[in-house]
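Peer 1: coords.cif (mmCIF, C-alpha atoms) pasted underneath:
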data_final
#
loop_
_atom_site.group_PDB
_atom_site.id
_atom_site.type_symbol
_atom_site.label_atom_id
_atom_site.label_comp_id
_atom_site.auth_asym_id
_atom_site.auth_seq_id
_atom_site.Cartn_x
_atom_site.Cartn_y
_atom_site.Cartn_z
ATOM 1 C CA MET A 4 -110.203 -26.639 218.962
ATOM 2 C CA GLN A 5 -109.303 -28.926 216.081
ATOM 3 C CA MET A 6 -105.923 -30.062 214.809
ATOM 4 C CA GLN A 7 -104.884 -32.426 212.065
ATOM 5 C CA PHE A 8 -101.545 -34.046 211.252
ATOM 6 C CA ASP A 9 -100.256 -36.304 208.500
ATOM 7 C CA ILE A 10 -98.137 -39.238 209.641
ATOM 8 C CA GLN A 11 -95.723 -40.975 207.275
ATOM 9 C CA GLY A 12 -95.286 -44.718 207.634
ATOM 10 C CA GLY A 13 -91.651 -45.675 208.209
ATOM 11 C CA ASP A 14 -90.489 -42.160 209.132
ATOM 12 C CA PHE A 15 -89.095 -43.004 212.551
ATOM 13 C CA SER A 16 -87.183 -39.778 213.067
ATOM 14 C CA ALA A 17 -90.475 -37.833 212.959
ATOM 15 C CA ALA A 18 -92.472 -40.285 215.100
ATOM 16 C CA GLY A 19 -93.939 -38.356 218.015
ATOM 17 C CA GLU A 20 -93.891 -34.905 216.418
ATOM 18 C CA ALA A 21 -97.687 -34.758 216.103
ATOM 19 C CA SER A 22 -98.172 -35.942 219.703
ATOM 20 C CA SER A 23 -95.677 -33.331 220.831
ATOM 21 C CA GLU A 24 -97.639 -30.575 219.061
ATOM 22 C CA VAL A 25 -100.853 -31.725 220.755
ATOM 23 C CA LYS A 26 -99.137 -31.796 224.153
ATOM 24 C CA LYS A 27 -97.872 -28.241 223.640
ATOM 25 C CA ALA A 28 -101.370 -27.046 222.670
ATOM 26 C CA LEU A 29 -102.921 -28.734 225.728
ATOM 27 C CA LYS A 30 -100.328 -27.162 228.033
ATOM 28 C CA GLN A 31 -101.807 -23.775 227.137
ATOM 29 C CA LEU A 32 -105.219 -24.962 228.327
ATOM 30 C CA ASN A 33 -104.265 -25.622 231.947
ATOM 31 C CA ILE A 34 -104.965 -29.349 231.797
ATOM 32 C CA GLN A 35 -103.936 -31.290 234.959
ATOM 33 C CA PRO A 36 -100.323 -32.537 234.530
ATOM 34 C CA GLN A 37 -101.357 -36.149 235.171
ATOM 35 C CA THR A 38 -104.092 -35.990 232.509
ATOM 36 C CA LEU A 39 -101.729 -34.248 230.114
ATOM 37 C CA ARG A 40 -99.221 -37.044 230.561
ATOM 38 C CA ARG A 41 -101.845 -39.765 229.954
ATOM 39 C CA ILE A 42 -102.886 -38.072 226.706
ATOM 40 C CA ALA A 43 -99.287 -37.579 225.549
ATOM 41 C CA VAL A 44 -98.360 -41.219 226.217
ATOM 42 C CA ALA A 45 -101.501 -42.602 224.528
ATOM 43 C CA LEU A 46 -101.025 -40.410 221.456
ATOM 44 C CA TYR A 47 -97.325 -41.154 221.177
ATOM 45 C CA GLU A 48 -97.884 -44.915 221.267
ATOM 46 C CA ALA A 49 -100.653 -44.546 218.685
ATOM 47 C CA GLU A 50 -98.489 -42.378 216.434
ATOM 48 C CA VAL A 51 -95.593 -44.837 216.687
ATOM 49 C CA ASN A 52 -98.014 -47.617 215.684
ATOM 50 C CA VAL A 53 -98.915 -45.770 212.478
ATOM 51 C CA VAL A 54 -95.225 -45.112 211.681
ATOM 52 C CA ALA A 55 -94.321 -48.719 212.488
ATOM 53 C CA HIS A 56 -97.123 -50.561 210.719
ATOM 54 C CA ALA A 57 -98.943 -48.360 208.186
ATOM 55 C CA TYR A 58 -98.057 -46.689 204.866
ATOM 56 C CA ARG A 59 -99.525 -43.359 205.915
ATOM 57 C CA GLY A 60 -102.095 -41.975 208.279
ATOM 58 C CA THR A 61 -103.738 -38.918 209.778
ATOM 59 C CA MET A 62 -104.237 -37.834 213.374
ATOM 60 C CA THR A 63 -107.340 -35.722 213.896
ATOM 61 C CA VAL A 64 -107.718 -34.014 217.240
ATOM 62 C CA ASP A 65 -110.858 -32.461 218.649
ATOM 63 C CA ILE A 66 -110.560 -30.657 221.981
ATOM 64 C CA SER A 67 -113.680 -29.572 223.855
ATOM 65 C CA PRO A 68 -113.902 -28.184 227.404
ATOM 66 C CA ALA A 69 -114.674 -31.658 228.780
ATOM 67 C CA ARG A 70 -112.446 -33.996 226.790
ATOM 68 C CA ILE A 71 -110.024 -34.679 223.973
ATOM 69 C CA LEU A 72 -111.074 -36.966 221.126
ATOM 70 C CA VAL A 73 -108.344 -38.216 218.820
ATOM 71 C CA GLN A 74 -108.829 -40.304 215.725
ATOM 72 C CA LEU A 75 -105.914 -42.021 213.997
ATOM 73 C CA GLN A 76 -106.814 -43.344 210.611
ATOM 74 C CA ASP A 77 -104.271 -45.192 208.520
ATOM 75 C CA GLU A 78 -103.829 -46.895 205.196
ATOM 76 C CA GLY A 79 -101.922 -50.081 205.784
ATOM 77 C CA PRO A 80 -102.063 -53.814 206.227
ATOM 78 C CA GLY A 81 -104.640 -53.571 209.018
ATOM 79 C CA ILE A 82 -104.888 -55.901 212.003
ATOM 80 C CA ASP A 83 -105.964 -59.508 211.464
ATOM 81 C CA ASP A 84 -106.902 -60.283 215.048
ATOM 82 C CA ILE A 85 -107.627 -57.280 217.281
ATOM 83 C CA GLY A 86 -108.054 -59.458 220.380
ATOM 84 C CA LYS A 87 -104.564 -60.852 219.881
ATOM 85 C CA ALA A 88 -103.104 -57.381 219.121
ATOM 86 C CA MET A 89 -104.450 -56.134 222.471
ATOM 87 C CA GLU A 90 -102.550 -58.820 224.394
ATOM 88 C CA GLU A 91 -99.468 -57.592 226.244
ATOM 89 C CA GLY A 92 -96.353 -58.882 224.521
ATOM 90 C CA PHE A 93 -97.930 -59.683 221.145
ATOM 91 C CA SER A 94 -96.269 -57.805 218.292
ATOM 92 C CA THR A 95 -95.712 -58.071 214.559
ATOM 93 C CA ALA A 96 -93.167 -55.208 214.527
ATOM 94 C CA SER A 97 -90.038 -55.300 212.375
ATOM 95 C CA ASP A 98 -86.476 -55.276 213.716
ATOM 96 C CA LYS A 99 -86.225 -51.621 212.683
ATOM 97 C CA VAL A 100 -89.122 -50.770 215.013
ATOM 98 C CA ARG A 101 -87.498 -52.726 217.840
ATOM 99 C CA GLU A 102 -84.228 -50.857 217.320
ATOM 100 C CA MET A 103 -86.139 -47.663 218.074
ATOM 101 C CA GLY A 104 -87.234 -49.046 221.448
ATOM 102 C CA PHE A 105 -90.731 -50.080 220.420
ATOM 103 C CA GLY A 106 -92.407 -53.192 219.061
ATOM 104 C CA ALA A 107 -92.566 -55.212 222.265
ATOM 105 C CA GLY A 108 -96.321 -55.547 222.199
ATOM 106 C CA MET A 109 -97.013 -52.909 224.851
ATOM 107 C CA GLY A 110 -98.341 -50.106 222.639
ATOM 108 C CA LEU A 111 -102.046 -50.912 222.495
ATOM 109 C CA PRO A 112 -102.239 -51.964 226.183
ATOM 110 C CA ASN A 113 -100.471 -48.697 227.054
ATOM 111 C CA ILE A 114 -103.015 -46.715 225.032
ATOM 112 C CA LYS A 115 -105.900 -48.500 226.749
ATOM 113 C CA LYS A 116 -104.387 -47.862 230.190
ATOM 114 C CA ASN A 117 -103.975 -44.137 229.495
ATOM 115 C CA SER A 118 -107.331 -43.415 227.864
ATOM 116 C CA ASP A 119 -110.903 -43.319 229.147
ATOM 117 C CA GLU A 120 -112.278 -44.800 225.940
ATOM 118 C CA MET A 121 -110.512 -46.603 223.131
ATOM 119 C CA HIS A 122 -112.151 -47.927 219.970
ATOM 120 C CA LEU A 123 -110.101 -49.941 217.512
ATOM 121 C CA THR A 124 -111.456 -51.088 214.164
ATOM 122 C CA SER A 125 -109.518 -52.543 211.268
ATOM 123 C CA THR A 126 -110.003 -53.951 207.801
ATOM 124 C CA PRO A 127 -107.144 -56.290 206.904
ATOM 125 C CA GLY A 128 -105.524 -55.139 203.656
ATOM 126 C CA THR A 129 -107.007 -51.638 203.928
ATOM 127 C CA GLY A 130 -106.185 -49.959 207.203
ATOM 128 C CA THR A 131 -106.938 -49.281 210.834
ATOM 129 C CA THR A 132 -108.870 -46.624 212.736
ATOM 130 C CA LEU A 133 -108.184 -45.933 216.389
ATOM 131 C CA GLU A 134 -110.252 -43.561 218.478
ATOM 132 C CA ILE A 135 -109.039 -42.351 221.848
ATOM 133 C CA ILE A 136 -111.002 -40.262 224.338
ATOM 134 C CA VAL A 137 -109.522 -38.770 227.497
ATOM 135 C CA ASN A 138 -111.754 -36.753 229.811
ATOM 136 C CA PHE A 139 -110.252 -33.677 231.460
ATOM 137 C CA MET B 16 -79.401 -36.128 244.345
ATOM 138 C CA ASN B 17 -78.707 -33.359 241.865
ATOM 139 C CA LEU B 18 -76.977 -33.735 238.512
ATOM 140 C CA ASN B 19 -73.554 -32.660 239.759
ATOM 141 C CA GLN B 20 -73.657 -35.336 242.463
ATOM 142 C CA LEU B 21 -75.018 -37.914 240.014
ATOM 143 C CA ILE B 22 -72.171 -37.596 237.495
ATOM 144 C CA LYS B 23 -69.599 -38.280 240.236
ATOM 145 C CA PHE B 24 -71.204 -41.678 240.967
ATOM 146 C CA VAL B 25 -71.290 -42.743 237.295
ATOM 147 C CA ASN B 26 -68.114 -41.027 235.984
ATOM 148 C CA GLY B 27 -70.485 -39.123 233.749
ATOM 149 C CA SER B 28 -70.584 -35.836 231.889
ATOM 150 C CA ILE B 29 -73.462 -33.387 231.814
ATOM 151 C CA LEU B 30 -74.357 -32.539 228.221
ATOM 152 C CA TYR B 31 -77.291 -30.408 229.289
ATOM 153 C CA ASP B 32 -78.694 -29.462 232.698
ATOM 154 C CA SER B 33 -82.261 -28.240 232.247
ATOM 155 C CA LEU B 34 -82.745 -27.147 235.849
ATOM 156 C CA PRO B 35 -79.506 -26.884 237.853
ATOM 157 C CA GLY B 36 -79.955 -28.118 241.417
ATOM 158 C CA LEU B 37 -83.100 -30.153 240.665
ATOM 159 C CA GLU B 38 -83.404 -32.994 243.171
ATOM 160 C CA LEU B 39 -83.793 -36.382 241.459
ATOM 161 C CA SER B 40 -85.122 -39.234 243.600
ATOM 162 C CA TYR B 41 -86.404 -42.014 241.341
ATOM 163 C CA ALA B 42 -85.091 -43.933 238.347
ATOM 164 C CA PHE B 43 -86.186 -46.514 235.823
ATOM 165 C CA ALA B 44 -83.790 -48.428 233.566
ATOM 166 C CA SER B 45 -84.896 -49.757 230.197
ATOM 167 C CA ASP B 46 -84.018 -49.859 226.514
ATOM 168 C CA LEU B 47 -87.673 -50.395 225.743
ATOM 169 C CA MET B 48 -89.459 -47.077 225.362
ATOM 170 C CA SER B 49 -92.930 -48.595 225.767
ATOM 171 C CA ASP B 50 -91.828 -49.702 229.236
ATOM 172 C CA ALA B 51 -90.383 -46.286 230.003
ATOM 173 C CA LEU B 52 -93.797 -44.821 229.131
ATOM 174 C CA ARG B 53 -95.628 -47.054 231.587
ATOM 175 C CA TRP B 54 -94.495 -45.740 234.954
ATOM 176 C CA TYR B 55 -93.821 -42.268 236.173
ATOM 177 C CA LYS B 56 -92.704 -40.208 239.143
ATOM 178 C CA GLU B 57 -91.989 -36.537 239.133
ATOM 179 C CA ASN B 58 -88.307 -35.649 238.654
ATOM 180 C CA MET B 59 -87.391 -39.140 237.545
ATOM 181 C CA ILE B 60 -84.322 -40.415 235.701
ATOM 182 C CA LEU B 61 -84.380 -42.773 232.720
ATOM 183 C CA ILE B 62 -81.234 -44.907 232.481
ATOM 184 C CA THR B 63 -80.914 -46.386 229.011
ATOM 185 C CA GLY B 64 -78.571 -47.837 226.427
ATOM 186 C CA LEU B 65 -80.853 -46.650 223.633
ATOM 187 C CA ALA B 66 -79.466 -43.446 222.153
ATOM 188 C CA THR B 67 -81.903 -42.374 219.443
ATOM 189 C CA ILE B 68 -84.165 -39.411 218.858
ATOM 190 C CA GLN B 69 -87.025 -41.580 220.172
ATOM 191 C CA THR B 70 -85.296 -41.773 223.564
ATOM 192 C CA ILE B 71 -85.590 -38.000 223.882
ATOM 193 C CA ARG B 72 -89.095 -37.963 222.387
ATOM 194 C CA THR B 73 -90.182 -40.562 224.956
ATOM 195 C CA ALA B 74 -88.826 -38.431 227.796
ATOM 196 C CA GLU B 75 -90.527 -35.344 226.399
ATOM 197 C CA LEU B 76 -93.942 -36.961 226.088
ATOM 198 C CA ALA B 77 -93.719 -38.903 229.355
ATOM 199 C CA GLY B 78 -92.446 -35.920 231.362
ATOM 200 C CA ILE B 79 -89.124 -37.559 232.303
ATOM 201 C CA SER B 80 -86.680 -34.955 233.682
ATOM 202 C CA CYS B 81 -83.324 -36.579 233.054
ATOM 203 C CA ILE B 82 -81.811 -39.245 230.791
ATOM 204 C CA VAL B 83 -78.571 -41.053 231.615
ATOM 205 C CA ILE B 84 -77.173 -42.611 228.455
ATOM 206 C CA ALA B 85 -75.064 -45.675 229.177
ATOM 207 C CA ARG B 86 -71.885 -47.109 227.646
ATOM 208 C CA GLY B 87 -70.765 -43.752 226.287
ATOM 209 C CA LYS B 88 -73.168 -43.882 223.370
ATOM 210 C CA LYS B 89 -73.118 -40.883 221.098
ATOM 211 C CA VAL B 90 -75.752 -38.225 221.538
ATOM 212 C CA THR B 91 -76.410 -36.643 218.142
ATOM 213 C CA ASP B 92 -77.031 -32.953 217.467
ATOM 214 C CA ASP B 93 -80.722 -33.503 216.717
ATOM 215 C CA MET B 94 -81.100 -35.393 220.017
ATOM 216 C CA MET B 95 -79.464 -32.510 221.895
ATOM 217 C CA GLU B 96 -81.618 -29.962 220.110
ATOM 218 C CA LEU B 97 -84.814 -31.767 221.125
ATOM 219 C CA ALA B 98 -83.552 -32.259 224.697
ATOM 220 C CA VAL B 99 -82.842 -28.541 225.120
ATOM 221 C CA GLU B 100 -86.156 -27.565 223.543
ATOM 222 C CA SER B 101 -87.987 -30.008 225.836
ATOM 223 C CA HIS B 102 -85.982 -29.150 229.008
ATOM 224 C CA ILE B 103 -84.628 -32.649 229.536
ATOM 225 C CA SER B 104 -81.244 -33.030 231.225
ATOM 226 C CA ILE B 105 -78.786 -35.313 229.436
ATOM 227 C CA VAL B 106 -75.908 -37.173 231.063
ATOM 228 C CA THR B 107 -73.612 -39.703 229.402
ATOM 229 C CA SER B 108 -71.667 -42.319 231.289
ATOM 230 C CA PRO B 109 -69.081 -44.862 230.124
ATOM 231 C CA MET B 110 -70.631 -47.443 232.496
ATOM 232 C CA SER B 111 -73.225 -50.071 231.565
ATOM 233 C CA VAL B 112 -76.921 -49.708 232.421
ATOM 234 C CA PHE B 113 -76.387 -52.315 235.156
ATOM 235 C CA GLU B 114 -73.482 -50.478 236.768
ATOM 236 C CA ILE B 115 -75.121 -47.049 236.553
ATOM 237 C CA SER B 116 -78.272 -48.466 238.144
ATOM 238 C CA GLY B 117 -76.223 -50.101 240.910
ATOM 239 C CA LYS B 118 -74.245 -46.957 241.696
ATOM 240 C CA LEU B 119 -77.335 -44.754 241.823
ATOM 241 C CA TYR B 120 -79.329 -47.258 243.890
ATOM 242 C CA GLN B 121 -76.430 -47.546 246.325
ATOM 243 C CA ASN B 122 -76.468 -43.790 246.717
ATOM 244 C CA GLY B 123 -80.136 -43.373 247.471
ATOM 245 C CA ILE B 124 -81.980 -43.236 244.143
ATOM 246 C CA LYS B 125 -85.153 -45.284 244.502
ATOM 247 C CA PRO B 126 -86.810 -47.576 241.956
ATOM 248 C CA LEU B 127 -90.175 -46.338 240.754
ATOM 249 C CA TYR B 128 -91.487 -49.785 239.975
#
Please express the file's structure as structure tokens.

Peer 2:
Amino acid sequence: MQMQFDIQGGDFSAAGEASSEVKKALKQLNIQPQTLRRIAVALYEAEVNVVAHAYRGTMTVDISPARILVQLQDEGPGIDDIGKAMEEGFSTASDKVREMGFGAGMGLPNIKKNSDEMHLTSTPGTGTTLEIIVNF
Amino acid sequence: MNLNQLIKFVNGSILYDSLPGLELSYAFASDLMSDALRWYKENMILITGLATIQTIRTAELAGISCIVIARGKKVTDDMMELAVESHISIVTSPMSVFEISGKLYQNGIKPLY
């Protein structure tokens, strides 16, 4: 099964809607609740990252019997130092993002913790691509 | 502790009870949603001073059963709509996060972290 969503940078009220749709679709597939929760949390953090940092992005979801593969591709400022961005507590988020309860530098570590594979690549000035795999 | 018992301890009001009688045993208090997404127990309560649509979205995606909103903050119609759709109980209390946490801890709610 494949799904695709557009994500608008800066649209905080809609942040999480795509992740919610994916969670609902997975619920129909009898995925273990614990695995379902890991996927939902990883996707939500990733979606919030796009809303918080990028101009726009897409979430592409590919579900096979063994795993879910999600790719988030955005157009935005990119990440200068991925190693630094992965550190707990490091954040470049705006006050607006913090007012929404995010931007404390826990997003990427949270995604890593809740996924089986995570691949992050970025071109500063162009955008960022994040790939998440969770095995069922 | 069920929701009717809970509101007595925190002078709260139930705005929505998704599963009347549900026994709640654990709680986590935070205004930071990334923290709220980190730890989980079934039938857990999130105590927070953050009243935005993202509070409800966080509970939905993390599987949190109940949110107690502190300091009487306003719960908007779109927040309520999402809470009902996602089966998340909503309580408001005039008390602070600190006081709500203290009252619930004193009455048997356990920390999950």

Peer 1: Just want the 12 Å neighbourhood of B:Lys23, counted on only C-alpha atoms, with same-chain residues fewer than 2 positions away dropped. Output as a ChimeraX atom specification.

Peer 2: /B:16-21,25-29,106-108,115,118-119,122

Peer 1: Check the smallest atom-to-atom distance from each of A:Ser97, A:Asn33, A:Thr38, A:Gln74 to A:Leu123 using all atoms listed in the file, then report the winner.

Peer 2: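 Using all atoms listed in the file, A:Leu123 sits closest to A:Gln74.
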
Peer 1: Using all atoms listed in the file, determine which residues of chain A fall within 7 Å of chain B; present them as a short mmCIF file (atom, residue, chain, number, x, y, z; two decimals) with C-alpha atoms, in the frame of the given file.

Peer 2:
data_model
loop_
_atom_site.label_atom_id
_atom_site.label_comp_id
_atom_site.auth_asym_id
_atom_site.auth_seq_id
_atom_site.Cartn_x
_atom_site.Cartn_y
_atom_site.Cartn_z
CA SER A 16 -87.18 -39.78 213.07
CA GLY A 19 -93.94 -38.36 218.02
CA SER A 23 -95.68 -33.33 220.83
CA ARG A 40 -99.22 -37.04 230.56
CA ALA A 43 -99.29 -37.58 225.55
CA VAL A 44 -98.36 -41.22 226.22
CA MET A 103 -86.14 -47.66 218.07
CA GLY A 104 -87.23 -49.05 221.45
CA PHE A 105 -90.73 -50.08 220.42
CA MET A 109 -97.01 -52.91 224.85
CA GLY A 110 -98.34 -50.11 222.64
CA ASN A 113 -100.47 -48.70 227.05
#

Peer 1: Taking the file above as input, evaluate the PyMOL selection byres ((chain A and resi 18) around 7) and report the hits as a list in words.

Peer 2: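 So the PyMOL selection byres ((chain A and resi 18) around 7), applied here, picks out Asp14, Phe15, Ser16, Ala17, Gly19, Glu20, Glu50, Val51 and Val54 of chain A.
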
Peer 1: Which distance in Å separates atom CA of B:Ile79 and atom CA of B:Phe43, to one decimal?

Peer 2: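 Spanning atom CA of B:Ile79 to atom CA of B:Phe43 is a straight-line distance of 10.1 Å.
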
Peer 1: Would you mind listing what lies within 7 Å of A:Gly12 as a VMD selection string, with all atoms listed in the file counted and same-chain residues fewer than 4 positions away left out?

Peer 2: chain A and resid 53 to 59

Peer 1: Atom CA of A:Gly92 to atom CA of A:Ala107: how many Å, to one decimal?

Peer 2: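 Going from atom CA of A:Gly92 over to atom CA of A:Ala107, I get 5.7 Å.
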
Peer 1: Return the single residue from A:Arg41, A:Glu48, A:Leu72, A:Ile135 that is closest to A:Lys26, with distances computed using all atoms listed in the file.

Peer 2: A:Arg41

Peer 1: With the PyMOL selection byres ((chain A and resi 134) around 7) as the selection, what would be picked from this file? Answer as a PyMOL selection string, please.

Peer 2: chain A and resi 73-75+121-123+132-133+135-136

Peer 1: I'd like the neighbourhood of A:Pro112 as number ranges by chain, where a residue qualifies if any of its atoms comes within 9 Å (using all atoms listed in the file), though same-chain residues fewer than 5 positions away should be ignored.

Peer 2: A: 88-91, 117

Peer 1: Considering all atoms listed in the file, can you say which of A:Pro68, A:Gly60, A:Gly13, A:Gly108 comes closest to A:Leu32?

Peer 2: A:Pro68

Peer 1: Contacts of B:Glu96 at 12 Å or less, counting all atoms listed in the file, minus same-chain residues fewer than 3 places along, as number ranges by chain?

Peer 2: B: 30-31, 68, 71-72, 90-93, 99-105

Peer 1: Restricting the calculation to all atoms listed in the file: of A:Asp77, A:Thr126, A:Asp83, A:Met62, which residue gets closest to A:Phe8?

Peer 2: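 The shortest atom-to-atom distance to A:Phe8 comes from A:Met62.
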
Peer 1: Write stretch 119-133 of chain A as a PDB file, in the frame of the given file, completed to N, CA, C and O atoms.

Peer 2:
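Final output, saved to out10.pdb:
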ATOM      1  N   ASP A 119    -109.627 -42.984 228.515  1.00  0.00           N
ATOM      2  CA  ASP A 119    -110.903 -43.319 229.147  1.00  0.00           C
ATOM      3  C   ASP A 119    -111.753 -44.181 228.228  1.00  0.00           C
ATOM      4  O   ASP A 119    -112.545 -44.999 228.683  1.00  0.00           O
ATOM      5  N   GLU A 120    -111.598 -43.955 226.925  1.00  0.00           N
ATOM      6  CA  GLU A 120    -112.278 -44.800 225.940  1.00  0.00           C
ATOM      7  C   GLU A 120    -111.325 -45.048 224.792  1.00  0.00           C
ATOM      8  O   GLU A 120    -110.583 -44.153 224.383  1.00  0.00           O
ATOM      9  N   MET A 121    -111.364 -46.260 224.278  1.00  0.00           N
ATOM     10  CA  MET A 121    -110.512 -46.603 223.131  1.00  0.00           C
ATOM     11  C   MET A 121    -111.319 -47.506 222.211  1.00  0.00           C
ATOM     12  O   MET A 121    -111.877 -48.494 222.660  1.00  0.00           O
ATOM     13  N   HIS A 122    -111.420 -47.116 220.948  1.00  0.00           N
ATOM     14  CA  HIS A 122    -112.151 -47.927 219.970  1.00  0.00           C
ATOM     15  C   HIS A 122    -111.218 -48.225 218.813  1.00  0.00           C
ATOM     16  O   HIS A 122    -110.692 -47.311 218.188  1.00  0.00           O
ATOM     17  N   LEU A 123    -111.028 -49.515 218.559  1.00  0.00           N
ATOM     18  CA  LEU A 123    -110.101 -49.941 217.512  1.00  0.00           C
ATOM     19  C   LEU A 123    -110.871 -50.762 216.482  1.00  0.00           C
ATOM     20  O   LEU A 123    -111.501 -51.757 216.828  1.00  0.00           O
ATOM     21  N   THR A 124    -110.835 -50.304 215.230  1.00  0.00           N
ATOM     22  CA  THR A 124    -111.456 -51.088 214.164  1.00  0.00           C
ATOM     23  C   THR A 124    -110.447 -51.212 213.026  1.00  0.00           C
ATOM     24  O   THR A 124    -109.616 -50.316 212.824  1.00  0.00           O
ATOM     25  N   SER A 125    -110.509 -52.329 212.315  1.00  0.00           N
ATOM     26  CA  SER A 125    -109.518 -52.543 211.268  1.00  0.00           C
ATOM     27  C   SER A 125    -110.070 -53.419 210.162  1.00  0.00           C
ATOM     28  O   SER A 125    -110.839 -54.339 210.419  1.00  0.00           O
ATOM     29  N   THR A 126    -109.680 -53.099 208.941  1.00  0.00           N
ATOM     30  CA  THR A 126    -110.003 -53.951 207.801  1.00  0.00           C
ATOM     31  C   THR A 126    -108.689 -54.468 207.236  1.00  0.00           C
ATOM     32  O   THR A 126    -107.908 -53.681 206.680  1.00  0.00           O
ATOM     33  N   PRO A 127    -108.408 -55.759 207.416  1.00  0.00           N
ATOM     34  CA  PRO A 127    -107.144 -56.290 206.904  1.00  0.00           C
ATOM     35  C   PRO A 127    -106.988 -55.984 205.412  1.00  0.00           C
ATOM     36  O   PRO A 127    -107.930 -56.116 204.638  1.00  0.00           O
ATOM     37  N   GLY A 128    -105.810 -55.493 205.052  1.00  0.00           N
ATOM     38  CA  GLY A 128    -105.524 -55.139 203.656  1.00  0.00           C
ATOM     39  C   GLY A 128    -105.865 -53.695 203.315  1.00  0.00           C
ATOM     40  O   GLY A 128    -105.492 -53.193 202.270  1.00  0.00           O
ATOM     41  N   THR A 129    -106.581 -53.012 204.211  1.00  0.00           N
ATOM     42  CA  THR A 129    -107.007 -51.638 203.928  1.00  0.00           C
ATOM     43  C   THR A 129    -106.451 -50.634 204.934  1.00  0.00           C
ATOM     44  O   THR A 129    -105.823 -49.647 204.563  1.00  0.00           O
ATOM     45  N   GLY A 130    -106.694 -50.891 206.205  1.00  0.00           N
ATOM     46  CA  GLY A 130    -106.185 -49.959 207.203  1.00  0.00           C
ATOM     47  C   GLY A 130    -106.881 -50.095 208.546  1.00  0.00           C
ATOM     48  O   GLY A 130    -107.748 -50.948 208.738  1.00  0.00           O
ATOM     49  N   THR A 131    -106.487 -49.209 209.447  1.00  0.00           N
ATOM     50  CA  THR A 131    -106.938 -49.281 210.834  1.00  0.00           C
ATOM     51  C   THR A 131    -107.380 -47.901 211.301  1.00  0.00           C
ATOM     52  O   THR A 131    -106.795 -46.889 210.909  1.00  0.00           O
ATOM     53  N   THR A 132    -108.427 -47.874 212.120  1.00  0.00           N
ATOM     54  CA  THR A 132    -108.870 -46.624 212.736  1.00  0.00           C
ATOM     55  C   THR A 132    -108.881 -46.824 214.250  1.00  0.00           C
ATOM     56  O   THR A 132    -109.418 -47.803 214.761  1.00  0.00           O
ATOM     57  N   LEU A 133    -108.235 -45.888 214.933  1.00  0.00           N
ATOM     58  CA  LEU A 133    -108.184 -45.933 216.389  1.00  0.00           C
ATOM     59  C   LEU A 133    -108.746 -44.626 216.934  1.00  0.00           C
ATOM     60  O   LEU A 133    -108.352 -43.549 216.481  1.00  0.00           O
TER      61      LEU A 133
END
